[in-house]
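Input: a single structure, listed below in structure tokens.
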Amino acid sequence: MSAVTTRRRARGRGERSLGGSVLLHGTLIVASLISLFPVVWLVLTSLKPRDGWLSTELKLFDDSSLDNYVRVLTETQFPNWLLNSVIIAGLTTVIGVFLSSTTGYAISRFRFPGYRGVMWMLLVTQMFPVAILIVPLYNLMAGLGLLNQIPGLVIAYMTVAVPFCAWMMKGYFDSIPREIDQAGMIDGLSPFGTFWRVILPLARPSIAVTAFYSFMTAWGEVAYASVFMTGDDTRTLAAGLQQFVGQHWSDWGLMTAAAVLIAVPAAVVFLLVQRNLVAGLTAGATKL
Amino acid sequence: MATSTGRVTGTTRDRAAGAADGARGRGRPKQAGPVRRAVSQYWYAWAMVVPVVVVTVALIGWPLVRGVYLSLTDATEATMGRTIGVNVIPSTYEFVGLDNYVGILTGGLFWEKLTWTVLWTVACVALHYGLGLGLALMLNRRLRFRSAYRLMLVLPWAIPPFVAAFIWRYLYNSDYGVINAMLRSVGLGAVGWLDDPTTAKIAVIAVNVWIGIPFMMLAMLGGLQSIPRELYEAAEVDGATPWQRFRFVTVPGLRTVSSTVLLLGTIWTFNMFPLIFLITGGGPGSSTEILVTYAYREAFTGIRNYSGSAAWGVLILLLLVVMAVVYRRALRKQGEVW
């Protein structure tokens, strides 16, 4: 009986008509082309000479040169912006993960009075539109003299990072079996001891992923960055890049080179960790 | 369905056991007895939650309260107190009650923007979800080059959104953009993608769909892989057609993950500031301006209308909270917990 079932399954699953295969691969190839094309085009454009982007013809290669890259690194504030972005996103991530890991653990493991309140708080603060916080925060920063200062923007990003990190961490702690906590407690550790000595080391890879994702969030934030950082050398990348394609003057050559420099390292790391990201964002709803 | 319920009850039991080790007995929050007992039982949980609560209250709670207050005043750049050099100019704005809200809700602009924002959100999330699920179903089959496809399809997510926005703006460029170059090369006329309200709207939706599909696809793929194979086998033995297997095994099996990603996706899209801000700047006119970008524009361009912007912000937040509450309630009715 079981042999029959197995054979039926093997046929039902493993085989596909030729037409089906063509259709399947065809769809996936088209989808992949759409997903790759803008990025490929970006790289190709960035390799064209100075005014290569002004061509109205379709040309894949056109006297390839690194001219745009040289210009963006030497003639613009790009290196400054890059440094600002790295510092700001880095600080945001470290502080955010540090503050929120305990909360993630608590809401993953314990049912305490106020639990639902904390869950709601985390969910609601994640959907705060920038519009409602940006004016009070702007006035606050102006009052404290923190406009155009790195700490100012880091504080503003805490409003994004902390709820987000706590939510992600909860998802990861959920995936660590509770038997491990129990073993720690039986061996005489306090709840904090269990968290600090047993769970946190186990969660290290996941912390890295949470950290990376919140880094990316701060890295790509536009609204706060455009308002809080207005000095030419204090901008972050997201705010600075807008300078290359302003209303009156635009240089897409600079823009594409800068975009490649920003996107490639980010994309490489991202692709390495993406499998874990989804699990975290859906907060234990999936088991990858 | 059966699996998800099983998982949830299992989790609750584990949690109960975990809590029982640390603190004897586990009272449900509502039945927590005298204060002292509650404190001795839960103090460590509370202590662990404190840092986030403090930060949230200080950095979100206070500005929120202030934002709500500002929305009830007539504060603009002109009336806001400021310091120029050594001169401190005090604030002169006044409390005006609900005037801002009345003004916004009776004017046509809000409803116009709301309609477009809802349209934008629904269109984007529906396309994200539909296409993401479709691709996930394809990738979940036994397939040659599966990892290669997966990698290529995930790429848009790996590009920071502000970079993606600039890339697409260049692709859409009416003179030098590659899309128009392609149209010309097949003999069609160029289209001013971002110059016409309708095409601009289609253009921004297309970009957001491009960016958002990978996340949905991966989430759905994870969901699909967590559905036990035995269920499909059982269904097959019972003679279910492929459609029936999809309808009665796949769809219920994906429910938990779907509900989470749909909520997340809706919130993200509703608040998707960078794309619209960077691609069209809300234009042409203000036709692609969603609520969030409009409120931002109010606050930081022209004469900065802080109070009006704050009022828009409060309205946006209310919309989102109502949506989340309704959504959670609907889920709870179907048996989801928390």
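Labeling convention for the structure tokens: chains A, B, ... as they appear, residues from 1 per chain, ligands from 1 in order of appearance.
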From a backbone DSSP assignment, name each residue in range 23-209 of chain A labelled alpha helix (DSSP H), as a PyMOL selection string. chain A and resi 23-46+67-74+78-109+115-126+130-144+150-174+178-186+191-193+200-202+204-209
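We find CA of Tyr176 in chain B and CA of Trp252 in chain A to be spaced 9.9 Å apart.
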Selection near Pro214 in chain B, 8 Å with only C-alpha atoms, sequence-local residues under 5 positions removed, as a ChimeraX atom specification: /B:132,153-157
Check the DSSP output for the backbone and give back, as JSON, numbers by chain, the residues of range 12-216 of chain B in strand (DSSP E or B). {"B": [73, 82, 83, 84, 87, 88, 89, 95]}
Using C-alpha atoms, can you write the selected residues to a file as an mmCIF file, in the first residue's frame?
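Output below, filename result03.cif:
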data_model
loop_
_atom_site.group_PDB
_atom_site.id
_atom_site.type_symbol
_atom_site.label_atom_id
_atom_site.label_comp_id
_atom_site.auth_asym_id
_atom_site.auth_seq_id
_atom_site.Cartn_x
_atom_site.Cartn_y
_atom_site.Cartn_z
ATOM 1 C CA THR B 73 -2.557 75.446 17.608
ATOM 2 C CA ARG B 82 13.306 80.575 17.842
ATOM 3 C CA THR B 83 16.739 81.858 18.627
ATOM 4 C CA ILE B 84 18.590 84.019 16.155
ATOM 5 C CA ASN B 87 17.963 87.154 20.367
ATOM 6 C CA VAL B 88 15.367 84.771 21.673
ATOM 7 C CA ILE B 89 12.042 85.259 19.957
ATOM 8 C CA PHE B 95 -4.431 77.411 20.902
#
Using only C-alpha atoms, which protein or nucleic acid residues come within 10 Å of Met48 in chain B? Drop anything in the same chain fewer than 6 positions from it, and give the result as an mmCIF file with C-alpha atoms, in the first residue's frame.
data_model
loop_
_atom_site.group_PDB
_atom_site.id
_atom_site.type_symbol
_atom_site.label_atom_id
_atom_site.label_comp_id
_atom_site.auth_asym_id
_atom_site.auth_seq_id
_atom_site.Cartn_x
_atom_site.Cartn_y
_atom_site.Cartn_z
ATOM 1 C CA LEU A 99 18.358 48.523 24.355
ATOM 2 C CA SER A 100 15.827 46.242 22.797
ATOM 3 C CA SER A 101 17.271 42.758 23.197
ATOM 4 C CA THR A 102 16.031 42.386 26.781
ATOM 5 C CA THR A 103 12.570 43.499 25.794
ATOM 6 C CA GLY A 104 12.504 41.055 22.928
ATOM 7 C CA TYR A 105 13.383 38.298 25.357
ATOM 8 C CA ALA A 106 10.792 39.331 27.919
ATOM 9 C CA ILE A 107 7.928 39.449 25.443
ATOM 10 C CA PRO A 191 16.035 34.875 34.660
ATOM 11 C CA PHE A 192 18.647 37.523 33.859
#
